[in-house]
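Just below is one structure, and these are the notes that go with it.
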Amino acid sequence: MNFSLSRRVFIKQVGVGSITLLGVTRRLFGQGIDRLHRPVIDVPILAQDGTAVPVKISVDHPMERDHFIQSLDVWLDTDPVPHKGTFFFTPENGKAYVAFHMRSGVGGVLKVVGECSRHGRFVGTAELRVEGGGCTTAPDKLDKDRLGNPMLRLPPSARAGEIVEVRAKIDHQSYTGLIEKGGKIVRERPEFYLKSMTVYLGSKKVSEFAMTSAVSPNPLIRFPLKIEGPGTLRVVFKNSENQQWEAVHSIQVAG
């Protein structure tokens, strides 16, 4: 009788322990998933030029066909132009990161929402301090005749399977159309900015970067590309008035 009671107590205790262990395992697994997906944001401690705040965002995550980072969505809710852009990726990028310059009016908490194709959305944040009202600073002259000259830069050659950094640049002014008047932010004129940048490798779309008037003038955008073989890289730029420019670069593969 005593043996039976002891045995039942033992089984009950083991069962409780198993449930507790399972709960701990699930929590640890969840923490691991969160670490794997959380965007890492690199911004200066204090940005002195509010019209060109350097930002680099990355997620240390595999980029496999059925499991990859689909997008990075950038917000600064305290700014007059809170949405800074949405950057879409595919496994052909090899990594999920983007570097660019943005406007910021007052700084605050920069928030990046990353989306995984399998596990949904994850959020990363970084504190940003800014000197000057970058969102309401207008160019001395808005010259729409001197636009274009798109350029691409990447290593002259790479090995198959290597991930390289592409630098895409275009001459294009940026204007939010906002001014500060009587202590309030008001619209003075329509926005004018680089609206999108679409990346193709051959005929296949690799990335699409949808930007807002918070993009800096003459934007330089850095992003990754996985080299699988020789091919043609093509980047199409489009602005808020549907003007379009294209840059092409031949990819060479080292033997």
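In the structure tokens, each chain is lettered A, B, ... as it comes, each chain's residues begin at 1, and ligands are numbered from 1 in order of appearance.
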Exercise for review: Would you kindly return, as a VMD selection string, each protein, DNA or RNA residue with an atom no farther than 7 Å from any atom of Ser213 of chain A, considering only C-alpha atoms and excluding same-chain residues fewer than 4 positions away?
Suggested key: chain A and resid 174 to 176 191 to 193
May I have all residues of segment 73-177 of chain A that DSSP, computed from the backbone, assigns to strand (DSSP E or B), given as an mmCIF file with C-alpha atoms, in the first residue's frame?
```
data_model
loop_
_atom_site.group_PDB
_atom_site.id
_atom_site.type_symbol
_atom_site.label_atom_id
_atom_site.label_comp_id
_atom_site.auth_asym_id
_atom_site.auth_seq_id
_atom_site.Cartn_x
_atom_site.Cartn_y
_atom_site.Cartn_z
ATOM 1 C CA ASP A 73 9.523 48.807 -42.326
ATOM 2 C CA VAL A 74 11.031 51.968 -40.788
ATOM 3 C CA TRP A 75 9.135 54.443 -38.574
ATOM 4 C CA HIS A 83 7.233 56.717 -42.199
ATOM 5 C CA LYS A 84 10.763 56.439 -43.569
ATOM 6 C CA GLY A 85 10.263 53.581 -46.017
ATOM 7 C CA THR A 86 9.597 49.883 -46.527
ATOM 8 C CA PHE A 87 12.368 47.655 -47.878
ATOM 9 C CA PHE A 88 11.418 44.285 -49.424
ATOM 10 C CA ALA A 96 18.577 41.137 -44.944
ATOM 11 C CA TYR A 97 20.066 44.579 -44.481
ATOM 12 C CA VAL A 98 19.830 48.051 -45.898
ATOM 13 C CA ALA A 99 21.768 51.266 -45.323
ATOM 14 C CA PHE A 100 20.518 54.706 -46.362
ATOM 15 C CA HIS A 101 20.184 58.318 -45.199
ATOM 16 C CA MET A 102 16.902 59.761 -43.990
ATOM 17 C CA GLY A 108 12.985 60.000 -30.908
ATOM 18 C CA VAL A 109 12.597 56.223 -30.962
ATOM 19 C CA LEU A 110 13.330 54.790 -34.393
ATOM 20 C CA LYS A 111 11.257 51.634 -34.866
ATOM 21 C CA VAL A 112 11.849 48.905 -37.429
ATOM 22 C CA VAL A 113 9.263 46.204 -38.043
ATOM 23 C CA GLY A 114 10.791 43.147 -39.697
ATOM 24 C CA GLU A 115 8.623 40.434 -41.213
ATOM 25 C CA CYS A 116 9.674 36.801 -41.479
ATOM 26 C CA GLY A 120 5.557 36.919 -38.658
ATOM 27 C CA ARG A 121 6.600 40.343 -37.405
ATOM 28 C CA PHE A 122 9.315 41.392 -34.963
ATOM 29 C CA VAL A 123 10.248 44.876 -33.766
ATOM 30 C CA GLY A 124 13.595 46.535 -33.063
ATOM 31 C CA THR A 125 14.098 50.053 -31.696
ATOM 32 C CA ALA A 126 16.905 52.578 -31.276
ATOM 33 C CA GLU A 127 17.048 56.018 -29.692
ATOM 34 C CA LEU A 128 17.934 58.816 -32.092
ATOM 35 C CA ARG A 129 18.883 62.419 -31.256
ATOM 36 C CA VAL A 130 18.927 65.021 -33.997
ATOM 37 C CA GLY A 148 19.138 61.310 -62.757
ATOM 38 C CA ASN A 149 22.682 60.078 -63.385
ATOM 39 C CA PRO A 150 21.989 56.716 -61.654
ATOM 40 C CA MET A 151 25.061 54.705 -60.695
ATOM 41 C CA LEU A 152 25.767 51.223 -59.377
ATOM 42 C CA ARG A 153 28.913 50.065 -57.661
ATOM 43 C CA ALA A 158 32.875 37.624 -57.040
ATOM 44 C CA ILE A 163 27.216 37.850 -50.938
ATOM 45 C CA VAL A 164 28.371 41.286 -52.057
ATOM 46 C CA GLU A 165 27.276 44.813 -51.205
ATOM 47 C CA VAL A 166 25.692 46.882 -53.944
ATOM 48 C CA ARG A 167 25.779 50.683 -53.783
ATOM 49 C CA ALA A 168 23.066 52.451 -55.740
ATOM 50 C CA LYS A 169 23.088 56.222 -56.097
ATOM 51 C CA ILE A 170 21.104 58.813 -58.012
ATOM 52 C CA ASP A 171 21.105 62.611 -58.204
ATOM 53 C CA TYR A 175 11.514 67.910 -50.312
#
```
Point to revise | Filtered DSSP result for segment 85-166 of chain A, state helix (DSSP H, G or I), as a ChimeraX atom specification | key: /A:91-93,134-136
Could you dump the residues just selected with C-alpha atoms as a PDB file, in the first residue's frame?
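That gives us selection-v6.pdb:
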```
ATOM      1  CA  PRO A  91      16.358  34.938 -50.779  1.00  0.00           C
ATOM      2  CA  GLU A  92      18.401  36.245 -53.747  1.00  0.00           C
ATOM      3  CA  ASN A  93      19.663  39.019 -51.467  1.00  0.00           C
ATOM      4  CA  GLY A 134      15.459  67.883 -41.156  1.00  0.00           C
ATOM      5  CA  CYS A 135      11.847  67.259 -42.174  1.00  0.00           C
ATOM      6  CA  THR A 136      11.120  70.948 -42.733  1.00  0.00           C
TER       7      THR A 136
END
```
Practice item. Using only C-alpha atoms, find the one residue out of A:Lys238, A:Arg65, A:Arg103, A:Lys226 that sits nearest to Gly132 of chain A. Key: A:Arg103
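You will find atom CA of Ser104 of chain A at 6.2 Å from atom CA of Asp79 of chain A.
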**Study point:** Pick from A:Gln173, A:Ser58, A:Asn239, A:Ser117, whichever lies nearest to Ala210 of chain A using only C-alpha atoms
**Key:**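 Nearest candidate to Ala210 of chain A out of A:Gln173, A:Ser58, A:Asn239, A:Ser117: A:Asn239.
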Revision key, fill the gap. Of A:Val40, A:Ile227, A:Ile185, A:Ile179, the one sitting nearest Leu154 of chain A when using only C-alpha atoms is A:Ile227
